[in-house]
$ cat coords_19.cif   # mmCIF, C-alpha atoms and all ligand atoms
data_structure
loop_
_atom_site.label_atom_id
_atom_site.label_comp_id
_atom_site.auth_asym_id
_atom_site.auth_seq_id
_atom_site.Cartn_x
_atom_site.Cartn_y
_atom_site.Cartn_z
CA MET A 1 -0.35 -1.48 -20.80
CA SER A 2 -1.37 1.75 -19.08
CA ARG A 3 -1.05 5.06 -20.87
CA SER A 4 1.81 6.39 -18.73
CA PHE A 5 3.47 3.41 -17.21
CA SER A 6 7.11 3.54 -16.14
CA CYS A 7 9.41 1.03 -14.58
CA VAL A 8 12.37 2.10 -12.42
CA ILE A 9 14.86 -0.64 -11.64
CA ALA A 10 17.25 -0.48 -8.72
CA ASP A 11 20.64 -2.19 -8.46
CA ASN A 12 20.39 -3.15 -4.80
CA ALA A 13 18.34 -2.66 -1.63
CA ASP A 14 19.82 0.75 -0.74
CA HIS A 15 19.33 2.02 -4.26
CA PHE A 16 15.75 0.71 -4.24
CA ALA A 17 14.95 2.53 -1.01
CA ASP A 18 16.52 5.78 -2.22
CA LEU A 19 14.75 5.66 -5.58
CA ALA A 20 11.40 4.88 -4.01
CA ALA A 21 11.72 7.73 -1.51
CA ARG A 22 12.79 10.18 -4.22
CA CYS A 23 9.98 9.13 -6.53
CA PHE A 24 7.36 9.44 -3.79
CA VAL A 25 8.60 12.86 -2.68
CA ASP A 26 8.77 14.09 -6.29
CA ILE A 27 5.06 13.32 -6.69
CA LEU A 28 4.16 14.64 -3.23
CA GLU A 29 5.76 17.98 -4.07
CA THR A 30 3.36 18.49 -6.97
CA ILE A 31 0.18 18.13 -4.89
CA PRO A 32 -0.88 20.79 -2.34
CA GLN A 33 -2.84 18.57 0.10
CA PRO A 34 -2.21 14.99 -0.97
CA LEU A 35 -4.35 12.09 0.16
CA VAL A 36 -1.92 9.20 0.43
CA THR A 37 -2.14 5.50 1.21
CA LEU A 38 0.91 3.46 2.21
CA PRO A 39 1.66 -0.27 2.45
CA THR A 40 2.82 -2.48 5.26
CA GLY A 41 5.06 -5.48 4.64
CA LEU A 42 8.72 -6.27 4.29
CA THR A 43 9.20 -4.58 0.90
CA PRO A 44 8.63 -0.94 1.97
CA GLN A 45 10.78 -0.95 5.10
CA GLY A 46 13.90 0.50 3.43
CA PHE A 47 11.69 3.04 1.67
CA TYR A 48 10.38 4.30 5.02
CA GLN A 49 13.89 4.43 6.45
CA ALA A 50 15.07 6.45 3.44
CA LEU A 51 12.13 8.86 3.81
CA ILE A 52 12.97 9.35 7.48
CA ARG A 53 16.70 9.74 6.86
CA ASP A 54 16.50 12.10 3.89
CA TYR A 55 13.14 13.85 4.07
CA ALA A 56 11.96 13.98 7.70
CA HIS A 57 12.96 17.65 7.78
CA ARG A 58 10.43 18.44 5.01
CA HIS A 59 7.66 19.50 7.40
CA ASP A 60 6.02 21.31 4.50
CA LEU A 61 5.31 17.96 2.83
CA TRP A 62 4.22 15.98 5.87
CA ALA A 63 2.08 18.67 7.48
CA SER A 64 -0.08 18.99 4.38
CA ALA A 65 -0.43 15.25 3.65
CA CYS A 66 -3.34 13.11 4.80
CA PHE A 67 -2.70 9.39 5.29
CA VAL A 68 -5.56 6.95 4.74
CA ALA A 69 -5.21 3.27 5.57
CA LEU A 70 -5.01 0.73 2.77
CA ASP A 71 -6.08 -2.33 4.76
CA GLU A 72 -6.28 -3.64 8.31
CA TYR A 73 -7.03 -6.67 10.39
CA MET A 74 -10.50 -6.58 11.91
CA CYS A 75 -11.83 -7.60 15.31
CA LEU A 76 -8.63 -6.82 17.21
CA PRO A 77 -8.47 -4.49 20.20
CA ALA A 78 -7.33 -0.95 19.39
CA ASP A 79 -3.99 -1.46 21.16
CA ASP A 80 -3.05 -4.77 19.47
CA GLU A 81 0.55 -4.58 18.30
CA ARG A 82 -0.28 -6.49 15.10
CA LEU A 83 -2.50 -3.74 13.69
CA PHE A 84 -1.19 -2.36 10.41
CA GLY A 85 -2.05 1.09 11.72
CA ALA A 86 0.27 0.57 14.68
CA TRP A 87 2.97 -0.73 12.36
CA LEU A 88 2.76 2.26 10.03
CA THR A 89 2.66 4.62 12.98
CA ARG A 90 5.99 3.20 14.15
CA ALA A 91 7.53 2.81 10.69
CA CYS A 92 6.76 6.22 9.25
CA LEU A 93 3.77 8.24 10.45
CA ASP A 94 5.30 9.21 13.79
CA PRO A 95 8.89 9.64 12.53
CA LEU A 96 7.73 11.82 9.63
CA ARG A 97 5.15 13.57 11.83
CA ILE A 98 2.26 12.94 9.47
CA GLU A 99 -0.51 14.02 11.85
CA ASN A 100 -3.52 13.75 9.57
CA ARG A 101 -4.37 10.03 9.73
CA GLN A 102 -7.44 8.05 8.82
CA PHE A 103 -7.09 4.49 10.10
CA PHE A 104 -9.52 1.61 9.94
CA GLN A 105 -10.86 0.98 13.44
CA SER A 106 -10.31 -2.71 14.01
CA ASP A 107 -12.51 -2.82 17.09
CA ALA A 108 -15.51 -1.11 15.45
CA PRO A 109 -18.52 -3.09 14.15
CA PRO A 110 -17.12 -4.34 10.81
CA HIS A 111 -19.98 -3.34 8.51
CA ALA A 112 -20.21 0.11 10.06
CA GLU A 113 -16.48 0.49 9.44
CA VAL A 114 -16.96 -0.26 5.74
CA THR A 115 -19.64 2.45 5.56
CA ARG A 116 -17.51 4.93 7.50
CA MET A 117 -14.46 4.49 5.26
CA GLU A 118 -16.55 4.55 2.08
CA ARG A 119 -17.98 7.85 3.24
CA PHE A 120 -14.50 9.19 4.03
CA LEU A 121 -13.29 8.29 0.53
CA ALA A 122 -16.40 9.72 -1.12
CA GLU A 123 -15.88 13.01 0.70
CA ASN A 124 -12.09 13.21 0.52
CA GLY A 125 -11.03 11.01 -2.39
CA PRO A 126 -9.89 10.00 -4.79
CA LEU A 127 -6.41 9.09 -3.59
CA ASP A 128 -3.65 11.32 -4.88
CA ILE A 129 -0.91 8.73 -4.33
CA ALA A 130 -1.32 5.00 -3.72
CA VAL A 131 1.94 3.35 -2.68
CA LEU A 132 1.41 -0.40 -2.88
CA GLY A 133 3.13 -3.72 -2.32
CA LEU A 134 2.55 -6.80 -4.45
CA GLY A 135 1.49 -10.10 -2.91
CA ALA A 136 3.08 -13.34 -4.07
CA ASN A 137 -0.32 -14.36 -5.51
CA GLY A 138 -0.91 -10.97 -7.12
CA HIS A 139 -2.97 -9.50 -4.31
CA ILE A 140 -3.02 -5.78 -3.70
CA ALA A 141 -3.80 -4.89 -0.09
CA PHE A 142 -6.39 -7.53 0.94
CA ASN A 143 -7.80 -7.78 -2.59
CA GLU A 144 -7.18 -11.46 -3.18
CA PRO A 145 -7.47 -13.28 -6.54
CA GLY A 146 -11.11 -13.31 -7.62
CA THR A 147 -11.93 -9.86 -6.23
CA ALA A 148 -13.94 -7.81 -8.71
CA PHE A 149 -12.24 -4.67 -10.03
CA ASP A 150 -15.35 -2.63 -9.24
CA LYS A 151 -15.45 -3.54 -5.55
CA GLY A 152 -14.99 -0.70 -3.04
CA VAL A 153 -14.11 -0.94 0.65
CA HIS A 154 -14.96 -4.43 1.90
CA LEU A 155 -14.48 -7.06 4.56
CA MET A 156 -12.76 -10.36 3.81
CA GLU A 157 -11.66 -13.56 5.46
CA LEU A 158 -7.93 -14.06 5.05
CA THR A 159 -7.14 -16.81 2.56
CA PRO A 160 -4.64 -19.56 3.38
CA ALA A 161 -2.17 -17.73 1.08
CA SER A 162 -2.57 -14.46 2.99
CA ILE A 163 -2.30 -16.20 6.34
CA ALA A 164 0.92 -17.89 5.21
CA ALA A 165 2.32 -14.59 3.93
CA ASN A 166 1.32 -12.70 7.09
CA ALA A 167 2.77 -15.44 9.32
CA LEU A 168 6.21 -14.14 8.30
CA TYR A 169 5.40 -10.93 10.16
CA TRP A 170 4.05 -12.49 13.34
CA GLY A 171 6.11 -15.64 13.74
CA SER A 172 3.43 -18.27 13.11
CA ALA A 173 0.15 -18.74 11.25
CA ASP A 174 -1.86 -19.00 14.47
CA ARG A 175 -0.89 -15.42 15.37
CA VAL A 176 -2.35 -14.10 12.12
CA PRO A 177 -5.81 -12.54 12.52
CA GLN A 178 -8.49 -14.19 10.35
CA ARG A 179 -10.51 -11.21 9.22
CA GLY A 180 -9.56 -8.11 7.28
CA ILE A 181 -10.90 -4.91 5.79
CA THR A 182 -9.47 -3.28 2.72
CA MET A 183 -9.82 -0.51 0.24
CA GLY A 184 -11.12 -2.12 -2.92
CA LEU A 185 -9.67 -2.09 -6.39
CA ALA A 186 -12.40 0.41 -7.35
CA ASP A 187 -10.81 2.84 -4.86
CA LEU A 188 -7.25 2.13 -6.03
CA ILE A 189 -8.13 2.38 -9.72
CA GLN A 190 -9.09 6.02 -9.12
CA ALA A 191 -5.71 6.98 -7.62
CA ARG A 192 -4.09 9.86 -9.48
CA HIS A 193 -0.62 8.31 -9.03
CA THR A 194 0.37 4.75 -8.15
CA LEU A 195 3.76 3.49 -7.00
CA LEU A 196 4.15 -0.27 -6.85
CA LEU A 197 7.13 -1.46 -4.78
CA VAL A 198 8.46 -4.93 -5.62
CA THR A 199 11.68 -6.67 -4.61
CA GLY A 200 13.20 -10.13 -4.76
CA ALA A 201 13.41 -12.97 -7.26
CA ALA A 202 10.40 -14.68 -5.66
CA LYS A 203 8.18 -11.84 -6.93
CA ALA A 204 9.54 -11.92 -10.51
CA PRO A 205 6.86 -14.30 -11.90
CA VAL A 206 3.99 -12.42 -10.30
CA LEU A 207 5.32 -9.04 -11.40
CA ARG A 208 5.55 -10.30 -14.95
CA ALA A 209 2.04 -11.79 -14.79
CA ALA A 210 0.63 -8.55 -13.35
CA LEU A 211 2.20 -6.26 -15.93
CA GLN A 212 2.45 -8.43 -19.04
CA GLY A 213 -0.20 -11.09 -18.58
CA PRO A 214 -3.94 -10.81 -19.16
CA VAL A 215 -5.98 -8.26 -17.21
CA THR A 216 -8.05 -10.54 -15.01
CA THR A 217 -9.46 -10.71 -11.51
CA ASP A 218 -7.37 -13.88 -11.06
CA MET A 219 -4.42 -11.46 -10.89
CA PRO A 220 -5.69 -8.43 -8.96
CA ALA A 221 -2.53 -6.38 -9.68
CA SER A 222 -3.23 -6.63 -13.41
CA TYR A 223 -5.62 -3.66 -12.96
CA LEU A 224 -2.44 -1.57 -13.06
CA GLN A 225 -2.37 -2.12 -16.82
CA THR A 226 -5.63 -0.21 -17.13
CA ILE A 227 -4.83 3.05 -15.32
CA LYS A 228 -2.69 6.14 -15.79
CA ASN A 229 0.39 7.34 -13.92
CA VAL A 230 1.75 4.03 -12.66
CA THR A 231 5.37 3.76 -11.60
CA ILE A 232 6.83 0.34 -10.87
CA LEU A 233 9.82 0.45 -8.54
CA ALA A 234 11.56 -2.90 -8.65
CA ASP A 235 14.97 -4.32 -7.92
CA ARG A 236 16.84 -6.27 -10.59
CA ASP A 237 15.71 -9.62 -9.20
CA ALA A 238 12.01 -8.75 -9.21
CA ALA A 239 12.27 -7.21 -12.70
CA SER A 240 14.29 -10.08 -14.15
CA LEU A 241 11.39 -11.66 -16.08
CA LEU A 242 10.01 -8.43 -17.57
CA THR A 243 10.51 -8.01 -21.27
P1 LIG B 301 5.69 -8.04 1.40
O1 LIG B 301 4.12 -8.01 1.24
O2 LIG B 301 6.19 -6.64 1.14
O3 LIG B 301 5.93 -8.44 2.83
O4 LIG B 301 6.23 -9.02 0.40
C1 LIG B 301 3.56 -7.50 0.08
C2 LIG B 301 2.07 -7.77 0.10
O5 LIG B 301 1.66 -8.88 0.46
O6 LIG B 301 1.32 -6.86 -0.23
#

$ encode --input "coords_19.cif" --output "structure tokens"
Amino acid sequence: MSRSFSCVIADNADHFADLAARCFVDILETIPQPLVTLPTGLTPQGFYQALIRDYAHRHDLWASACFVALDEYMCLPADDERLFGAWLTRACLDPLRIENRQFFQSDAPPHAEVTRMERFLAENGPLDIAVLGLGANGHIAFNEPGTAFDKGVHLMELTPASIAANALYWGSADRVPQRGITMGLADLIQARHTLLLVTGAAKAPVLRAALQGPVTTDMPASYLQTIKNVTILADRDAASLLT
């Protein structure tokens, strides 16, 4: 288990969103110019709404923060509505007026984009706060089972599991792009603070495996056991198998 690992458990969806927003802001307030990455997905939606409702007026926080993308689909045009960057822009970057944004460019040559983002992280990293979701198979961003813990920014082909999970967002599997780019676990391991957001009974087995099972690349999220300053924000259902 990590040296300063805490688990905050919410009673219901509203409580989860409020706790997550409070926890994030509490960390943000301690860092003068935080470099922050944020997740897409269904889990963080209430969190973003709570941030907008309760903290949008905190221009001091948002003006000093720099957002850097966690992952993205590749080989899509810059105006494609499925881009994670577009999603986050709608969900929180525009409403909170976080102006300093470093997206992956989906329409750039993929290998050049890896180099560009690696350079950005080398010059501006490490992350101050990584807010993350947990995949049903233990993935973190597009780091699927089998990804080495020492891998940095990289390209990947979406696995059948990722395509199935992403089909929920876009209506059908054939609307899910096939190629992705992601920060690697080597980038996330260096984050000064990590918040993992997990909800729902379906995630209970994977949350338990990630936090209380072996540390192994078969379960990418198990790297969380090896780093400092990890906060798990879970609802009762997701936390139900933790001991
Ligand atoms: P979800 O996605 O929040 O939609 O469950 C989490 C993830 O796959 O990272």

$ closest_atom_pairs --input "coords_19.cif" --of "chain A" --to "ligand LIG 301 (chain B)" --cutoff "12 Å" --atoms "all atoms listed in the file" --output "Markdown table"
| residue | atom | partner | partner_atom | distance |
| --- | --- | --- | --- | --- |
| A:Leu38 | CA | B:LIG301 | O6 | 10.6 |
| A:Pro39 | CA | B:LIG301 | O6 | 7.1 |
| A:Thr40 | CA | B:LIG301 | O2 | 6.8 |
| A:Gly41 | CA | B:LIG301 | O3 | 3.6 |
| A:Leu42 | CA | B:LIG301 | O3 | 3.8 |
| A:Thr43 | CA | B:LIG301 | O2 | 3.7 |
| A:Pro44 | CA | B:LIG301 | O2 | 6.3 |
| A:Gln45 | CA | B:LIG301 | O2 | 8.3 |
| A:Gly46 | CA | B:LIG301 | O2 | 10.8 |
| A:Phe47 | CA | B:LIG301 | O2 | 11.1 |
| A:Leu70 | CA | B:LIG301 | O6 | 10.3 |
| A:Asp71 | CA | B:LIG301 | O6 | 10.0 |
| A:Glu72 | CA | B:LIG301 | O6 | 11.9 |
| A:Phe84 | CA | B:LIG301 | O6 | 11.8 |
| A:Val131 | CA | B:LIG301 | O6 | 10.5 |
| A:Leu132 | CA | B:LIG301 | O6 | 7.0 |
| A:Gly133 | CA | B:LIG301 | O6 | 4.2 |
| A:Leu134 | CA | B:LIG301 | O6 | 4.4 |
| A:Gly135 | CA | B:LIG301 | O5 | 3.6 |
| A:Ala136 | CA | B:LIG301 | O5 | 6.5 |
| A:Asn137 | CA | B:LIG301 | O5 | 8.3 |
| A:Gly138 | CA | B:LIG301 | O5 | 8.3 |
| A:His139 | CA | B:LIG301 | O6 | 6.5 |
| A:Ile140 | CA | B:LIG301 | O6 | 5.7 |
| A:Ala141 | CA | B:LIG301 | O6 | 5.5 |
| A:Phe142 | CA | B:LIG301 | O6 | 7.8 |
| A:Asn143 | CA | B:LIG301 | O6 | 9.5 |
| A:Glu144 | CA | B:LIG301 | O5 | 9.9 |
| A:Leu158 | CA | B:LIG301 | O5 | 11.8 |
| A:Ala161 | CA | B:LIG301 | O5 | 9.7 |
| A:Ser162 | CA | B:LIG301 | O5 | 7.4 |
| A:Ile163 | CA | B:LIG301 | O5 | 10.2 |
| A:Ala164 | CA | B:LIG301 | O5 | 10.2 |
| A:Ala165 | CA | B:LIG301 | O5 | 6.7 |
| A:Asn166 | CA | B:LIG301 | O3 | 7.6 |
| A:Ala167 | CA | B:LIG301 | O3 | 10.1 |
| A:Leu168 | CA | B:LIG301 | O3 | 7.9 |
| A:Tyr169 | CA | B:LIG301 | O3 | 7.8 |
| A:Trp170 | CA | B:LIG301 | O3 | 11.4 |
| A:Thr182 | CA | B:LIG301 | O6 | 11.7 |
| A:Leu196 | CA | B:LIG301 | O6 | 9.8 |
| A:Leu197 | CA | B:LIG301 | O2 | 7.9 |
| A:Val198 | CA | B:LIG301 | O2 | 7.3 |
| A:Thr199 | CA | B:LIG301 | O4 | 7.8 |
| A:Gly200 | CA | B:LIG301 | O4 | 8.7 |
| A:Ala201 | CA | B:LIG301 | O4 | 11.2 |
| A:Ala202 | CA | B:LIG301 | O4 | 9.3 |
| A:Lys203 | CA | B:LIG301 | O4 | 8.1 |
| A:Ala204 | CA | B:LIG301 | O4 | 11.8 |
| A:Val206 | CA | B:LIG301 | O4 | 11.4 |
| A:Leu207 | CA | B:LIG301 | C1 | 11.7 |
| A:Pro220 | CA | B:LIG301 | O6 | 11.3 |
| A:Ala221 | CA | B:LIG301 | O6 | 10.2 |
| A:Ala234 | CA | B:LIG301 | O2 | 11.8 |
| A:Ala238 | CA | B:LIG301 | O4 | 11.2 |

$ closest_residue --input "coords_19.cif" --among "A:Val215, A:Val153, A:Ala239, A:Cys92" --to "Asp11 in chain A" --atoms "only C-alpha atoms"
A:Ala239

$ atom_distance --input "coords_19.cif" --atom1 "CA of Tyr73 in chain A" --atom2 "CA of Leu127 in chain A"
21.1 Å

$ closest_atom_pairs --input "coords_19.cif" --of "range 79-184 of chain A" --to "range 13-34 of chain A" --cutoff "10 Å" --atoms "all atoms listed in the file" --output "CSV"
residue,atom,partner,partner_atom,distance
A:Gly125,CA,A:Pro34,CA,9.8
A:Pro126,CA,A:Pro34,CA,9.9
A:Leu127,CA,A:Pro34,CA,7.7
A:Asp128,CA,A:Pro34,CA,5.6
A:Ile129,CA,A:Pro34,CA,7.2
A:Ala130,CA,A:Phe24,CA,9.7
A:Val131,CA,A:Phe24,CA,8.2

$ write_last_selection --input "coords_19.cif" --atoms "C-alpha atoms" --output "PDB file, keeping the file's coordinate frame"
ATOM      1  CA  GLY A 125     -11.030  11.010  -2.390  1.00  0.00           C
ATOM      2  CA  PRO A 126      -9.890  10.000  -4.790  1.00  0.00           C
ATOM      3  CA  LEU A 127      -6.410   9.090  -3.590  1.00  0.00           C
ATOM      4  CA  ASP A 128      -3.650  11.320  -4.880  1.00  0.00           C
ATOM      5  CA  ILE A 129      -0.910   8.730  -4.330  1.00  0.00           C
ATOM      6  CA  ALA A 130      -1.320   5.000  -3.720  1.00  0.00           C
ATOM      7  CA  VAL A 131       1.940   3.350  -2.680  1.00  0.00           C
TER       8      VAL A 131
END

$ atom_distance --input "coords_19.cif" --atom1 "CA of Asp94 in chain A" --atom2 "CA of Met117 in chain A"
22.0 Å

$ atom_distance --input "coords_19.cif" --atom1 "CA of Leu224 in chain A" --atom2 "CA of Ala65 in chain A"
23.8 Å

$ residues_around --input "coords_19.cif" --residues "Phe149 in chain A" --least-positions-apart "6" --cutoff "9 Å" --atoms "only C-alpha atoms" --output "list in words"
Gly184, Leu185, Ala186, Ile189, Thr216, Thr217, Pro220 and Tyr223 of chain A

$ build_atoms --input "coords_19.cif" --residues "range 91-102 of chain A" --atoms "all heavy atoms" --output "PDB file, in the frame of the given file"
ATOM      1  N   ALA A  91       6.596   2.836  11.821  1.00  0.00           N
ATOM      2  CA  ALA A  91       7.530   2.810  10.690  1.00  0.00           C
ATOM      3  C   ALA A  91       7.697   4.162  10.016  1.00  0.00           C
ATOM      4  O   ALA A  91       8.776   4.478   9.526  1.00  0.00           O
ATOM      5  CB  ALA A  91       7.080   1.781   9.655  1.00  0.00           C
ATOM      6  N   CYS A  92       6.609   4.949   9.969  1.00  0.00           N
ATOM      7  CA  CYS A  92       6.760   6.220   9.250  1.00  0.00           C
ATOM      8  C   CYS A  92       5.877   7.366   9.698  1.00  0.00           C
ATOM      9  O   CYS A  92       6.302   8.505   9.641  1.00  0.00           O
ATOM     10  CB  CYS A  92       6.603   6.003   7.745  1.00  0.00           C
ATOM     11  SG  CYS A  92       4.931   5.730   7.217  1.00  0.00           S
ATOM     12  N   LEU A  93       4.660   7.103  10.170  1.00  0.00           N
ATOM     13  CA  LEU A  93       3.770   8.240  10.450  1.00  0.00           C
ATOM     14  C   LEU A  93       4.293   9.094  11.596  1.00  0.00           C
ATOM     15  O   LEU A  93       4.338  10.332  11.494  1.00  0.00           O
ATOM     16  CB  LEU A  93       2.348   7.759  10.742  1.00  0.00           C
ATOM     17  CG  LEU A  93       1.676   6.981   9.605  1.00  0.00           C
ATOM     18  CD1 LEU A  93       0.301   6.485  10.042  1.00  0.00           C
ATOM     19  CD2 LEU A  93       1.552   7.826   8.351  1.00  0.00           C
ATOM     20  N   ASP A  94       4.728   8.435  12.680  1.00  0.00           N
ATOM     21  CA  ASP A  94       5.300   9.210  13.790  1.00  0.00           C
ATOM     22  C   ASP A  94       6.648   9.826  13.409  1.00  0.00           C
ATOM     23  O   ASP A  94       6.844  11.033  13.612  1.00  0.00           O
ATOM     24  CB  ASP A  94       5.468   8.325  15.043  1.00  0.00           C
ATOM     25  CG  ASP A  94       4.193   8.288  15.892  1.00  0.00           C
ATOM     26  OD1 ASP A  94       3.207   8.960  15.519  1.00  0.00           O
ATOM     27  OD2 ASP A  94       4.187   7.580  16.916  1.00  0.00           O
ATOM     28  N   PRO A  95       7.595   9.035  12.849  1.00  0.00           N
ATOM     29  CA  PRO A  95       8.890   9.640  12.530  1.00  0.00           C
ATOM     30  C   PRO A  95       8.792  10.809  11.543  1.00  0.00           C
ATOM     31  O   PRO A  95       9.550  11.770  11.640  1.00  0.00           O
ATOM     32  CB  PRO A  95       9.702   8.494  11.924  1.00  0.00           C
ATOM     33  CG  PRO A  95       9.064   7.252  12.443  1.00  0.00           C
ATOM     34  CD  PRO A  95       7.612   7.571  12.653  1.00  0.00           C
ATOM     35  N   LEU A  96       7.861  10.727  10.600  1.00  0.00           N
ATOM     36  CA  LEU A  96       7.730  11.820   9.630  1.00  0.00           C
ATOM     37  C   LEU A  96       6.791  12.912  10.137  1.00  0.00           C
ATOM     38  O   LEU A  96       6.654  13.953   9.512  1.00  0.00           O
ATOM     39  CB  LEU A  96       7.194  11.286   8.289  1.00  0.00           C
ATOM     40  CG  LEU A  96       8.129  10.338   7.536  1.00  0.00           C
ATOM     41  CD1 LEU A  96       7.420   9.752   6.303  1.00  0.00           C
ATOM     42  CD2 LEU A  96       9.412  11.046   7.114  1.00  0.00           C
ATOM     43  N   ARG A  97       6.122  12.637  11.236  1.00  0.00           N
ATOM     44  CA  ARG A  97       5.150  13.570  11.830  1.00  0.00           C
ATOM     45  C   ARG A  97       4.014  13.879  10.840  1.00  0.00           C
ATOM     46  O   ARG A  97       3.672  15.034  10.601  1.00  0.00           O
ATOM     47  CB  ARG A  97       5.851  14.831  12.335  1.00  0.00           C
ATOM     48  CG  ARG A  97       6.685  14.508  13.567  1.00  0.00           C
ATOM     49  CD  ARG A  97       7.143  15.728  14.289  1.00  0.00           C
ATOM     50  NE  ARG A  97       8.344  16.293  13.720  1.00  0.00           N
ATOM     51  CZ  ARG A  97       8.735  17.539  13.863  1.00  0.00           C
ATOM     52  NH1 ARG A  97       8.008  18.385  14.556  1.00  0.00           N
ATOM     53  NH2 ARG A  97       9.854  17.949  13.329  1.00  0.00           N
ATOM     54  N   ILE A  98       3.486  12.818  10.258  1.00  0.00           N
ATOM     55  CA  ILE A  98       2.260  12.940   9.470  1.00  0.00           C
ATOM     56  C   ILE A  98       1.106  12.848  10.479  1.00  0.00           C
ATOM     57  O   ILE A  98       0.841  11.791  11.041  1.00  0.00           O
ATOM     58  CB  ILE A  98       2.152  11.817   8.412  1.00  0.00           C
ATOM     59  CG1 ILE A  98       3.312  11.913   7.428  1.00  0.00           C
ATOM     60  CG2 ILE A  98       0.804  11.889   7.684  1.00  0.00           C
ATOM     61  CD1 ILE A  98       3.377  10.772   6.418  1.00  0.00           C
ATOM     62  N   GLU A  99       0.479  13.975  10.770  1.00  0.00           N
ATOM     63  CA  GLU A  99      -0.510  14.020  11.850  1.00  0.00           C
ATOM     64  C   GLU A  99      -1.920  13.674  11.369  1.00  0.00           C
ATOM     65  O   GLU A  99      -2.752  13.228  12.143  1.00  0.00           O
ATOM     66  CB  GLU A  99      -0.547  15.419  12.479  1.00  0.00           C
ATOM     67  CG  GLU A  99       0.785  15.904  13.038  1.00  0.00           C
ATOM     68  CD  GLU A  99       1.247  15.083  14.227  1.00  0.00           C
ATOM     69  OE1 GLU A  99       0.451  14.286  14.776  1.00  0.00           O
ATOM     70  OE2 GLU A  99       2.433  15.222  14.597  1.00  0.00           O
ATOM     71  N   ASN A 100      -2.172  13.917  10.108  1.00  0.00           N
ATOM     72  CA  ASN A 100      -3.520  13.750   9.570  1.00  0.00           C
ATOM     73  C   ASN A 100      -3.670  12.290   9.130  1.00  0.00           C
ATOM     74  O   ASN A 100      -3.147  11.899   8.085  1.00  0.00           O
ATOM     75  CB  ASN A 100      -3.687  14.721   8.404  1.00  0.00           C
ATOM     76  CG  ASN A 100      -5.132  15.022   8.132  1.00  0.00           C
ATOM     77  OD1 ASN A 100      -6.026  14.352   8.658  1.00  0.00           O
ATOM     78  ND2 ASN A 100      -5.376  16.003   7.293  1.00  0.00           N
ATOM     79  N   ARG A 101      -4.352  11.477   9.941  1.00  0.00           N
ATOM     80  CA  ARG A 101      -4.370  10.030   9.730  1.00  0.00           C
ATOM     81  C   ARG A 101      -5.794   9.498   9.782  1.00  0.00           C
ATOM     82  O   ARG A 101      -6.534   9.814  10.711  1.00  0.00           O
ATOM     83  CB  ARG A 101      -3.597   9.328  10.854  1.00  0.00           C
ATOM     84  CG  ARG A 101      -2.211   9.883  11.057  1.00  0.00           C
ATOM     85  CD  ARG A 101      -1.581   9.345  12.330  1.00  0.00           C
ATOM     86  NE  ARG A 101      -0.261   9.936  12.536  1.00  0.00           N
ATOM     87  CZ  ARG A 101       0.566   9.632  13.523  1.00  0.00           C
ATOM     88  NH1 ARG A 101       0.216   8.716  14.419  1.00  0.00           N
ATOM     89  NH2 ARG A 101       1.736  10.205  13.627  1.00  0.00           N
ATOM     90  N   GLN A 102      -6.118   8.685   8.835  1.00  0.00           N
ATOM     91  CA  GLN A 102      -7.440   8.050   8.820  1.00  0.00           C
ATOM     92  C   GLN A 102      -7.215   6.536   8.799  1.00  0.00           C
ATOM     93  O   GLN A 102      -6.937   5.946   7.757  1.00  0.00           O
ATOM     94  CB  GLN A 102      -8.187   8.500   7.554  1.00  0.00           C
ATOM     95  CG  GLN A 102      -9.610   8.046   7.494  1.00  0.00           C
ATOM     96  CD  GLN A 102     -10.479   8.668   8.567  1.00  0.00           C
ATOM     97  OE1 GLN A 102     -11.295   7.988   9.161  1.00  0.00           O
ATOM     98  NE2 GLN A 102     -10.284   9.950   8.828  1.00  0.00           N
TER      99      GLN A 102
END
